[in-house]
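Below is run.txt, which holds compact mmCIF, C-alpha atoms and all ligand atoms.
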```txt
# COMPACT_ATOMS: atom_id res chain seq x y z
CA MET A 1 19.67 8.53 11.56
CA THR A 2 21.46 6.68 8.79
CA ALA A 3 22.12 8.11 5.36
CA ASN A 4 19.46 5.75 4.09
CA ASP A 5 16.84 7.10 6.51
CA MET A 6 17.69 10.63 5.48
CA GLY A 7 17.32 9.66 1.85
CA ILE A 8 13.93 8.11 2.58
CA ASN A 9 12.76 11.19 4.49
CA ALA A 10 13.79 13.49 1.68
CA LEU A 11 12.05 11.22 -0.82
CA GLN A 12 8.86 11.13 1.20
CA LYS A 13 8.80 14.93 1.19
CA GLU A 14 9.29 14.93 -2.56
CA LEU A 15 6.59 12.33 -2.97
CA ALA A 16 4.12 14.43 -0.96
CA GLU A 17 4.98 17.38 -3.18
CA LEU A 18 4.56 15.21 -6.26
CA SER A 19 1.11 13.97 -5.26
CA LYS A 20 0.07 17.57 -4.59
CA MET A 21 1.48 19.01 -7.81
CA ALA A 22 1.05 16.19 -10.25
CA ARG A 23 -2.67 16.01 -9.86
CA LEU A 24 -4.34 16.55 -13.19
CA SER A 25 -7.85 17.17 -11.87
CA ALA A 26 -7.69 20.84 -12.91
CA ALA A 27 -6.73 19.79 -16.43
CA VAL A 28 -9.56 17.28 -16.51
CA ASP A 29 -12.03 20.00 -15.41
CA ASN A 30 -10.74 22.33 -18.07
CA VAL A 31 -11.02 19.71 -20.77
CA ASP A 32 -14.61 19.04 -19.66
CA ARG A 33 -15.30 22.78 -19.92
CA ILE A 34 -13.85 22.93 -23.44
CA ILE A 35 -16.03 20.02 -24.50
CA GLU A 36 -19.10 21.74 -23.03
CA GLN A 37 -18.30 24.97 -24.88
CA LEU A 38 -17.73 23.14 -28.15
CA SER A 39 -20.93 21.12 -27.84
CA ALA A 40 -22.95 24.21 -27.02
CA ALA A 41 -21.44 26.02 -30.01
CA ARG A 42 -22.27 23.08 -32.27
CA GLU A 43 -25.91 23.19 -31.14
CA GLN A 44 -26.06 26.91 -31.83
CA VAL A 45 -24.49 26.58 -35.26
CA ALA A 46 -26.80 23.68 -36.17
CA GLN A 47 -29.91 25.59 -35.14
CA ALA A 48 -28.84 28.92 -36.66
CA LEU A 49 -30.92 29.99 -39.66
CA ASP A 50 -28.67 32.81 -40.52
CA PRO A 51 -25.01 32.08 -41.50
CA HIS A 52 -24.10 35.25 -39.68
CA THR A 53 -25.07 33.75 -36.33
CA ALA A 54 -22.84 30.76 -37.05
CA SER A 55 -19.74 32.81 -37.71
CA LEU A 56 -20.52 34.96 -34.68
CA THR A 57 -20.75 31.87 -32.49
CA LEU A 58 -17.41 30.64 -33.75
CA THR A 59 -15.76 33.99 -33.16
CA LYS A 60 -17.11 34.10 -29.64
CA LEU A 61 -15.78 30.60 -29.08
CA GLN A 62 -12.18 31.45 -29.97
CA ASN A 63 -11.03 33.25 -26.84
CA PRO A 64 -12.47 31.09 -24.08
CA THR A 65 -11.23 27.94 -25.87
CA LYS A 66 -7.76 29.36 -26.16
CA VAL A 67 -7.69 30.33 -22.47
CA ALA A 68 -8.94 26.90 -21.41
CA PHE A 69 -6.31 25.14 -23.53
CA GLU A 70 -3.59 27.30 -21.98
CA LYS A 71 -4.80 26.33 -18.53
CA VAL A 72 -4.66 22.65 -19.47
CA ASN A 73 -1.12 23.11 -20.73
CA ASP A 74 -0.02 24.91 -17.59
CA ASN A 75 -1.40 22.13 -15.48
CA LEU A 76 0.36 19.51 -17.58
CA LYS A 77 3.62 21.44 -17.29
CA GLU A 78 3.31 21.58 -13.50
CA ALA A 79 2.71 17.86 -13.33
CA SER A 80 5.58 16.96 -15.57
CA SER A 81 8.03 19.24 -13.77
CA ALA A 82 6.98 17.73 -10.44
CA GLN A 83 7.57 14.28 -11.92
CA LYS A 84 11.01 15.27 -13.18
CA LYS A 85 11.89 16.70 -9.79
CA PHE A 86 10.93 13.45 -8.10
CA GLY A 87 12.93 11.44 -10.61
CA LYS A 88 15.96 13.59 -9.85
CA ALA A 89 15.52 13.15 -6.11
CA LEU A 90 15.22 9.42 -6.64
CA ASN A 91 18.47 9.32 -8.58
CA GLU A 92 20.18 11.53 -6.05
CA HIS A 93 19.26 9.58 -2.93
CA PHE A 94 19.17 6.10 -4.38
CA PRO A 95 21.53 6.15 -7.33
CA LEU A 96 21.50 2.97 -9.38
CA LYS A 97 24.66 1.25 -8.32
CA SER A 98 26.28 -1.76 -9.79
CA LEU A 99 25.89 -4.79 -7.58
CA PRO A 100 28.55 -5.43 -4.97
CA ALA A 101 29.13 -8.85 -6.50
CA ASP A 102 30.98 -9.43 -9.76
CA HIS A 103 28.17 -11.56 -11.02
CA ASP A 104 24.46 -10.96 -10.62
CA ALA A 105 23.04 -14.42 -10.29
CA MET A 106 19.52 -13.19 -11.03
CA ALA A 107 20.40 -11.15 -14.14
CA ASP A 108 19.83 -14.15 -16.37
CA HIS A 109 16.41 -14.85 -14.91
CA PRO A 110 14.30 -11.71 -15.34
CA ALA A 111 11.27 -13.87 -16.14
CA LEU A 112 11.62 -15.73 -12.86
CA ILE A 113 11.82 -12.44 -11.01
CA ASN A 114 8.66 -11.28 -12.76
CA ARG A 115 6.95 -14.47 -11.74
CA ALA A 116 8.00 -13.99 -8.12
CA ILE A 117 6.67 -10.42 -8.17
CA ALA A 118 3.37 -11.46 -9.75
CA MET A 119 2.99 -14.29 -7.26
CA HIS A 120 3.73 -11.97 -4.37
CA LEU A 121 1.06 -9.52 -5.50
CA LEU A 122 -1.47 -12.35 -5.86
CA ARG A 123 -0.72 -13.65 -2.39
CA GLU A 124 -1.18 -10.17 -0.98
CA GLY A 125 -4.62 -10.00 -2.57
CA GLN A 126 -3.51 -7.22 -4.96
CA PHE A 127 -5.30 -8.86 -7.87
CA SER A 128 -5.73 -5.90 -10.18
CA VAL A 129 -2.13 -4.77 -9.68
CA ALA A 130 -0.99 -8.34 -10.31
CA SER A 131 -3.07 -8.56 -13.46
CA THR A 132 -1.70 -5.24 -14.80
CA PHE A 133 1.82 -6.34 -13.92
CA ILE A 134 1.40 -9.65 -15.75
CA ASP A 135 -0.08 -7.93 -18.81
CA GLU A 136 2.75 -5.43 -18.97
CA ALA A 137 5.42 -8.04 -18.35
CA GLN A 138 4.03 -10.03 -21.26
CA ASP A 139 3.76 -7.01 -23.55
CA THR A 140 7.33 -5.99 -22.75
CA PRO A 141 9.24 -9.20 -22.16
CA PRO A 142 12.16 -8.74 -19.77
CA HIS A 143 15.56 -8.09 -21.26
CA HIS A 144 19.01 -7.34 -20.00
CA ALA A 145 19.34 -3.74 -21.17
CA LEU A 146 19.21 -2.35 -17.66
CA TYR A 147 21.89 -4.66 -16.35
CA HIS A 148 24.16 -4.20 -19.34
CA GLN A 149 23.95 -0.46 -19.17
CA LEU A 150 24.72 -0.54 -15.48
CA GLU A 151 27.79 -2.65 -16.01
CA SER A 152 29.20 -0.40 -18.71
CA GLU A 153 28.44 2.84 -16.91
CA ASP A 154 31.14 4.39 -14.73
CA THR A 155 28.95 7.08 -13.22
CA PRO A 156 26.04 5.28 -11.65
CA SER A 157 23.46 8.08 -12.01
CA VAL A 158 21.65 6.76 -15.05
CA GLU A 159 18.31 8.37 -15.75
CA LEU A 160 15.77 5.67 -15.13
CA ASP A 161 13.82 6.17 -18.34
CA GLU A 162 17.01 6.09 -20.33
CA ALA A 163 17.99 2.78 -18.84
CA MET A 164 14.59 1.38 -19.65
CA ASP A 165 14.80 2.53 -23.25
CA GLU A 166 14.14 -0.27 -25.72
CA ASP A 167 16.57 1.16 -28.26
CA ASP A 168 19.47 0.40 -25.96
CA MET A 169 18.83 -3.28 -26.32
CA ASP A 170 21.81 -5.16 -27.64
CA ALA A 171 22.00 -8.44 -29.49
CA ASP A 172 22.51 -10.29 -26.26
CA ALA A 173 19.29 -8.92 -24.85
CA ARG A 174 17.41 -9.85 -27.99
CA THR A 175 18.35 -13.47 -27.66
CA SER A 176 17.26 -13.38 -24.06
CA ILE A 177 13.79 -12.37 -25.19
CA THR A 178 13.41 -15.52 -27.18
CA ALA A 179 14.93 -17.48 -24.35
CA SER A 180 12.47 -16.09 -21.85
CA THR A 181 9.36 -16.62 -23.95
CA THR A 182 8.76 -20.00 -22.36
CA ASP A 183 9.06 -18.47 -18.92
CA ASN A 184 6.50 -15.91 -19.96
CA ASN A 185 3.98 -18.54 -20.90
CA ASP A 186 4.54 -19.62 -17.37
CA LEU A 187 3.61 -16.13 -16.22
CA SER A 188 0.28 -16.29 -17.99
CA SER A 189 -0.58 -19.38 -15.98
CA LEU A 190 -0.66 -17.07 -12.95
CA GLN A 191 -3.53 -15.26 -14.57
CA SER A 192 -5.66 -18.33 -14.16
CA GLN A 193 -8.99 -17.62 -12.62
CA GLU A 194 -8.60 -20.58 -10.31
CA LEU A 195 -5.47 -19.27 -8.64
CA GLN A 196 -6.95 -15.81 -8.23
CA THR A 197 -10.12 -17.26 -6.76
CA LYS A 198 -8.04 -19.26 -4.29
CA PHE A 199 -6.02 -16.28 -3.18
CA ALA A 200 -9.13 -14.12 -3.03
CA GLU A 201 -10.57 -16.69 -0.65
CA MET A 202 -7.42 -16.71 1.46
CA TYR A 203 -7.33 -12.95 1.53
CA SER A 204 -10.94 -12.57 2.57
CA ILE A 205 -10.54 -15.16 5.34
CA LEU A 206 -7.45 -13.32 6.58
CA GLN A 207 -9.43 -10.08 6.59
CA ASP A 208 -12.09 -11.81 8.70
CA LEU A 209 -9.46 -13.07 11.14
CA LYS A 210 -8.07 -9.57 11.43
CA ALA A 211 -11.56 -8.41 12.33
CA ARG A 212 -11.61 -11.26 14.90
CA ASN A 213 -14.21 -13.23 13.04
CA LEU A 214 -13.34 -16.92 12.94
CA PHE A 215 -16.31 -18.34 11.04
CA SER A 216 -14.95 -18.32 7.49
CA ALA A 217 -11.62 -19.77 8.64
CA ILE A 218 -13.35 -22.56 10.57
CA GLU A 219 -15.54 -23.32 7.60
CA TRP A 220 -12.52 -23.52 5.30
CA ALA A 221 -10.69 -25.79 7.75
CA ARG A 222 -13.75 -28.03 8.06
CA SER A 223 -14.20 -28.42 4.33
CA ASN A 224 -10.51 -29.29 3.98
CA SER A 225 -10.29 -31.33 7.15
CA ALA A 226 -9.27 -34.57 5.42
CA GLU A 227 -6.23 -32.98 3.73
CA LEU A 228 -5.32 -31.01 6.84
CA GLU A 229 -5.50 -34.08 9.03
CA ALA A 230 -3.37 -36.02 6.56
CA ARG A 231 -0.73 -33.34 7.01
CA GLY A 232 -0.99 -33.67 10.79
CA SER A 233 -2.44 -30.19 11.07
CA ASN A 234 -4.47 -29.13 14.12
CA LEU A 235 -5.77 -26.02 12.45
CA GLU A 236 -9.45 -26.86 12.63
CA PHE A 237 -9.26 -27.62 16.34
CA GLU A 238 -7.10 -24.57 17.06
CA LEU A 239 -9.63 -22.34 15.33
CA SER A 240 -12.59 -23.96 17.09
CA LYS A 241 -10.80 -23.71 20.42
CA LEU A 242 -10.21 -20.00 19.89
CA GLN A 243 -13.86 -19.58 18.95
CA TYR A 244 -14.83 -21.18 22.27
CA VAL A 245 -12.43 -18.91 24.20
CA TRP A 246 -13.62 -15.88 22.27
CA LEU A 247 -17.28 -16.57 23.02
CA PHE A 248 -16.37 -17.37 26.64
CA LYS A 249 -14.98 -13.86 27.10
CA GLY A 250 -18.40 -12.43 26.42
CA PRO A 251 -19.71 -9.25 24.79
CA ALA A 252 -17.52 -6.90 26.86
CA VAL A 253 -14.45 -8.30 25.11
CA ASN A 254 -15.65 -9.80 21.83
CA ARG A 255 -18.28 -7.15 21.09
CA LEU A 256 -20.58 -9.76 19.62
CA PRO A 257 -24.31 -9.43 20.28
CA ASP A 258 -25.19 -10.03 23.93
CA ASP A 259 -27.46 -13.04 23.49
CA GLU A 260 -27.62 -16.76 24.23
CA HIS A 261 -24.98 -17.47 21.55
CA ASN A 262 -22.40 -15.40 23.40
CA GLY A 263 -20.68 -15.52 26.77
CA ARG A 264 -20.12 -18.65 28.87
CA PHE A 265 -23.43 -20.14 27.87
CA GLY A 266 -22.72 -19.52 24.19
CA ALA A 267 -19.26 -21.06 24.56
CA LEU A 268 -20.71 -24.15 26.21
CA THR A 269 -23.31 -24.55 23.47
CA TYR A 270 -20.58 -24.12 20.87
CA ALA A 271 -18.43 -26.78 22.56
CA ARG A 272 -21.36 -29.22 22.70
CA GLN A 273 -22.09 -28.71 19.04
CA HIS A 274 -18.56 -28.81 17.64
CA PHE A 275 -16.02 -30.41 19.97
CA GLY A 276 -17.35 -33.95 19.58
CA ARG A 277 -15.42 -34.53 16.38
CA PHE A 278 -12.13 -33.57 18.06
CA GLN A 279 -12.52 -35.79 21.12
CA ALA A 280 -10.42 -38.63 19.81
CA ARG A 281 -7.41 -36.43 19.22
CA HIS A 282 -7.72 -33.59 21.69
CA LEU A 283 -9.66 -34.92 24.68
CA ARG A 284 -7.30 -33.50 27.30
CA GLU A 285 -7.42 -30.03 25.89
CA ILE A 286 -11.19 -30.14 25.64
CA GLU A 287 -11.39 -31.20 29.29
CA LYS A 288 -9.17 -28.27 30.19
CA LEU A 289 -11.38 -25.85 28.32
CA ALA A 290 -14.47 -27.25 30.04
CA SER A 291 -12.88 -27.10 33.52
CA ALA A 292 -12.06 -23.45 32.97
CA MET A 293 -15.79 -22.77 33.40
CA VAL A 294 -15.31 -23.27 37.13
CA PHE A 295 -12.74 -20.51 37.26
CA ALA A 296 -14.77 -18.17 35.09
CA PRO A 297 -15.15 -15.40 37.69
CA ASN A 298 -11.41 -15.22 38.22
CA LEU A 299 -9.83 -16.63 35.09
CA GLY A 300 -6.82 -14.29 35.16
CA GLU A 301 -5.58 -15.83 38.42
CA SER A 302 -6.45 -19.38 37.45
CA PRO A 303 -4.19 -22.07 35.96
CA TYR A 304 -6.12 -21.53 32.71
CA ASN A 305 -4.91 -18.01 32.29
CA LEU A 306 -2.59 -18.86 29.41
CA VAL A 307 -5.16 -20.94 27.52
CA PHE A 308 -7.47 -17.97 27.57
CA ALA A 309 -5.02 -15.28 26.54
CA THR A 310 -6.16 -13.96 23.17
CA ASP A 311 -3.66 -11.13 22.69
CA SER A 312 -1.62 -12.90 20.07
CA ALA A 313 -4.02 -15.79 19.47
CA PHE A 314 -5.61 -14.26 16.38
CA THR A 315 -2.28 -13.39 14.78
CA ASP A 316 -1.05 -16.88 15.59
CA VAL A 317 -4.02 -18.66 14.01
CA ALA A 318 -3.82 -16.30 11.03
CA ALA A 319 -0.21 -17.38 10.52
CA SER A 320 -1.12 -21.07 10.88
CA PHE A 321 -4.04 -20.60 8.52
CA THR A 322 -1.84 -18.93 5.86
CA ARG A 323 0.73 -21.71 6.21
CA GLU A 324 -1.85 -24.49 5.79
CA PHE A 325 -3.73 -22.73 3.02
CA CYS A 326 -0.54 -22.16 1.03
CA SER A 327 0.74 -25.65 1.66
CA LEU A 328 -2.48 -27.16 0.30
CA LEU A 329 -1.76 -25.09 -2.82
CA GLY A 330 1.77 -26.46 -2.85
CA LEU A 331 3.27 -23.09 -1.86
CA SER A 332 5.44 -21.93 1.01
CA ALA A 333 3.78 -20.00 3.82
CA GLU A 334 5.85 -16.86 3.37
CA SER A 335 6.14 -15.07 0.07
CA PRO A 336 9.49 -16.17 -1.41
CA LEU A 337 9.98 -12.65 -2.74
CA TYR A 338 9.56 -11.19 0.72
CA ILE A 339 12.00 -13.68 2.23
CA ALA A 340 14.55 -13.18 -0.54
CA VAL A 341 14.44 -9.39 -0.36
CA THR A 342 14.58 -9.30 3.44
CA ALA A 343 17.36 -11.86 3.67
CA GLY A 344 19.22 -10.04 0.91
CA ALA A 345 18.93 -6.70 2.68
CA LEU A 346 20.20 -8.28 5.90
CA ALA A 347 23.12 -9.99 4.22
CA LEU A 348 24.12 -7.23 1.81
CA PRO A 349 26.23 -5.07 4.17
CA LYS A 350 28.47 -8.04 4.99
CA LEU A 351 28.76 -8.98 1.34
CA MET A 352 29.76 -5.43 0.41
CA LYS A 353 32.34 -5.31 3.19
CA TYR A 354 33.71 -8.67 2.13
CA ASN A 355 33.92 -7.64 -1.52
CA MET A 356 35.68 -4.41 -0.67
CA ALA A 357 38.24 -6.26 1.41
CA LYS A 358 38.61 -8.83 -1.35
CA ARG A 359 39.22 -6.15 -3.97
CA ALA A 360 41.69 -4.31 -1.76
CA LYS A 361 43.70 -7.46 -1.19
CA GLY A 362 43.27 -8.74 -4.73
CA THR A 363 42.34 -12.19 -3.44
CA GLU A 364 39.84 -14.47 -5.11
CA TRP A 365 36.84 -16.36 -3.99
CA THR A 366 37.60 -19.99 -4.60
CA THR A 367 34.50 -21.93 -3.61
CA ALA A 368 31.76 -21.68 -6.18
CA ASN A 369 28.15 -21.05 -5.08
CA GLU A 370 29.17 -20.60 -1.49
CA LEU A 371 29.82 -17.53 0.60
CA ALA A 372 33.13 -17.27 2.41
CA PHE A 373 31.42 -15.88 5.53
CA GLU A 374 28.40 -16.51 7.73
CA THR A 375 25.27 -14.54 6.86
CA PRO A 376 23.50 -13.42 10.02
CA LEU A 377 19.89 -14.39 9.28
CA PRO A 378 17.14 -14.90 11.83
CA GLU A 379 16.22 -18.52 12.44
CA SER A 380 12.90 -18.14 10.65
CA MET A 381 14.81 -17.52 7.42
CA VAL A 382 17.11 -20.52 7.62
CA TYR A 383 15.56 -23.26 5.57
CA HIS A 384 18.25 -25.88 5.12
CA SER A 385 20.58 -26.79 7.92
CA ILE A 386 23.99 -27.59 6.57
CA PHE A 387 26.89 -29.48 8.00
CA VAL A 388 30.49 -28.92 7.09
CA CYS A 389 32.82 -31.80 7.77
CA PRO A 390 35.46 -30.39 10.13
CA VAL A 391 38.21 -32.51 8.58
CA ALA A 392 37.49 -32.17 4.86
CA LYS A 393 36.12 -28.60 5.31
CA GLU A 394 33.45 -29.51 2.81
CA GLN A 395 29.69 -29.26 3.08
CA THR A 396 28.12 -32.70 3.38
CA THR A 397 25.84 -33.89 0.61
CA GLU A 398 23.36 -36.67 -0.01
CA SER A 399 26.14 -38.91 -1.30
CA ASN A 400 28.50 -37.85 1.48
CA PRO A 401 26.21 -37.44 4.48
CA PRO A 402 27.24 -36.45 8.00
CA MET A 403 27.87 -39.51 10.22
CA MET A 404 28.09 -39.68 13.99
CA ILE A 405 30.78 -42.01 15.24
CA PRO A 406 30.55 -43.88 18.57
CA CYS A 407 32.42 -41.16 20.54
CA GLY A 408 29.79 -38.64 19.49
CA HIS A 409 31.89 -36.67 16.99
CA VAL A 410 30.40 -36.03 13.56
CA LEU A 411 32.31 -36.29 10.27
CA GLY A 412 31.51 -36.60 6.60
CA ARG A 413 31.22 -40.24 5.48
CA GLU A 414 34.04 -39.91 2.94
CA THR A 415 36.32 -38.58 5.67
CA ILE A 416 35.60 -41.61 7.84
CA GLN A 417 36.28 -43.89 4.88
CA LYS A 418 39.62 -42.18 4.30
CA LEU A 419 40.52 -42.50 7.98
CA CYS A 420 39.77 -46.21 7.96
CA LYS A 421 42.53 -48.71 8.33
CA GLY A 422 40.71 -51.93 7.48
CA THR A 423 37.34 -51.55 9.19
CA ARG A 424 38.64 -49.51 12.15
CA PHE A 425 39.45 -45.85 12.38
CA LYS A 426 40.66 -43.43 15.00
CA CYS A 427 38.65 -40.28 15.72
CA PRO A 428 40.66 -37.20 14.77
CA TYR A 429 39.24 -35.30 17.76
CA CYS A 430 39.52 -37.65 20.67
CA PRO A 431 41.42 -40.79 21.52
CA SER A 432 38.50 -43.12 20.74
CA GLU A 433 38.56 -45.74 18.07
CA GLY A 434 35.56 -46.95 16.18
CA GLN A 435 34.31 -49.25 13.45
CA LEU A 436 32.77 -48.06 10.25
CA LYS A 437 29.61 -50.12 10.83
CA ASP A 438 28.94 -48.27 14.11
CA ALA A 439 28.76 -44.86 12.47
CA ARG A 440 25.21 -43.53 12.23
CA GLN A 441 23.97 -41.16 9.57
CA ILE A 442 22.66 -37.83 10.85
CA ILE A 443 19.56 -36.38 9.23
CA LEU A 444 19.52 -32.61 9.37
ZN ZN B 1 35.76 -38.50 18.81
```
Using the file provided, produce a representation of the structure as C-alpha cells.
Amino acid sequence: MTANDMGINALQKELAELSKMARLSAAVDNVDRIIEQLSAAREQVAQALDPHTASLTLTKLQNPTKVAFEKVNDNLKEASSAQKKFGKALNEHFPLKSLPADHDAMADHPALINRAIAMHLLREGQFSVASTFIDEAQDTPPHHALYHQLESEDTPSVELDEAMDEDDMDADARTSITASTTDNNDLSSLQSQELQTKFAEMYSILQDLKARNLFSAIEWARSNSAELEARGSNLEFELSKLQYVWLFKGPAVNRLPDDEHNGRFGALTYARQHFGRFQARHLREIEKLASAMVFAPNLGESPYNLVFATDSAFTDVAASFTREFCSLLGLSAESPLYIAVTAGALALPKLMKYNMAKRAKGTEWTTANELAFETPLPESMVYHSIFVCPVAKEQTTESNPPMMIPCGHVLGRETIQKLCKGTRFKCPYCPSEGQLKDARQIIL
C-alpha cells in the first residue's frame, strides 16, 4: 500500500465519521419543535381573556425553549467540530504543496480551468451541480490568491479556508479579476439551455445503452444520419446490427418480452424492416448476419461466434455513440478535464524526479515549452504524433516538415537543405545519395 493509499483510507474513515456526525437533522427537528411551541403559545396568548393566562403561558414557555435551543447548539457544535477534524485530516494527508515545476502554466488561466470543470460536469449529466458551479464561479471570479499564498509559504500546511480568504487578495490578483471577466462571460454561455438539453439527451441515451436498450440511440443516429454519413460514421448501422443480434439471442438473454418481436423471428422482422437502407454500404455484413440464422442452434461453435458476442458490444457502441454525439457538437469524445488530470497524474512522478535531479545539479532546462524526458502515456492519450529531426534535434513543424529521402531515412526539410550541395545531398545515416526533388513529405 502506498502512502497515498493510506492517506485515502484514513480520509475515507474521517469522511464516514463526518457524514455521521455532521448531520443536522436533530437540530432541524429541534428547531421545528421550538416553532411549534412558539406558535402554540401565540395562539394561547391571543385567545386568553385574562392577562394572567398570557403571562403564565410565557413563563411556561421559557424552560422548554431554552432546553431546545441548547440542544440545537450542541448539535451545531458537534457538526462543526467534525468538519474541523476532517479539514485537519485533509491537510495532514494531502498537504497543499507547491507545484514541482517552477512555473504553473495554468495559474494564469483560472477562468479556463473553471470552464473545463463546468464542461466536464455538463458532459457527465451533472446539470444541477454544473449550474451551481457556474453561478458560484461567476459570483466569485477566480483570482490568484491561492497560488500566491502557496508560493510565499514555506510550510505547506495552509488552512484551506485561510487560503481562500478574499482579504488575502493582492493587487496582482485584482487585475486578474478584470482580466478574467471576458472569460467569465464565456462561462455563462455554458448555462445555455440548448447545451444542457443536448447533454441531457446524450446522458439519457447513454443510460438507455447501459440498460441494454438501443432504441433511443438508433433513433438519434437515424435523425442525424446525414451528418454522421458525411463524417464517414457507421454508427447507425452498428447500432442496428447490435439490435438484430440482441433480438436474435432471444428472451433468455435479452430479457425482452417473449413475443413475435423477439428471438430469431423478431430479429428477422427487424432486419427486413431496417436493413434495406444499409444495403448499399454494408451488404456483406448483412449477408453474414442473415447466414448466421442457419447456425442458430449452435452459434457458439459457428464462424459467426465473434459477430454475435455481445459482452463488450454495448460498451463499444456507447463509446462510439459518445464520440459521434460530441463530435457533432464540435467537442472531443473524452472530457478534456479527465484526460488532462489523468495524463498529469501519470506524468507527475517523472516530472518531480526530474525537477529534483535538476535542482540537485543546479542545471537548467533550456528548451521552452518542451519536456526534457519522455512522458509515459497510454496510446489513447497521445493526440499529436511528433517527429524530431535526428540531425537538428529539433521537432519538425509545418514550415519544416519531416521528409523521407530515397533511402528511407527521415529528416527535417531544413536539415536536407543544409546538407545539399547543389541539388544533391548525402544521407547522414547511410551511404546513399539523393536529390532534393525526390524527398517526400511525411504526414504524421
Ligand atoms: Zn539514408
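Once all atoms listed in the file are used for the distance check, the residues close to ligand ZN 1 (chain B) at 7 Å turn out to be Cys407, Gly408, His409, Cys427, Pro428, Tyr429, Cys430, Pro431 and Ser432 of chain A.
With only C-alpha atoms as the basis for measurement, A:Ala26 is the residue among A:Leu419, A:Ala292, A:Ala26, A:Leu18 that approaches Lys71 in chain A most closely.
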Rounded to one decimal place, report the CA of Ser399 in chain A-CA of Gln435 in chain A distance in Å. 19.8 Å
I want to know what sits within 10 Å of Leu76 in chain A, based on only C-alpha atoms, with residues of the same chain fewer than 6 positions away left out; could you give that as a VMD selection string? chain A and resid 21 to 24 26 to 27 70 82
Neighbourhood query: residues within 9 Å of (5.4, -11.5, 3.3), file coordinates, counting all atoms listed in the file; return as a VMD selection string. chain A and resid 120 123 to 124 333 to 339
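Candidate residues A:His109, A:Lys97, A:Arg323, A:Lys66 were compared for distance to Leu228 in chain A, and the nearest is A:Arg323, using all atoms listed in the file.
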Once 5 Å is added on each side, what centre and edge lengths in Å to one decimal does the axis-aligned box around all listed atoms of range 250-261 of chain A have, as JSON?
```
{"center_x": -21.0, "center_y": -12.2, "center_z": 23.2, "size_x": 23.2, "size_y": 20.6, "size_z": 17.2}
```
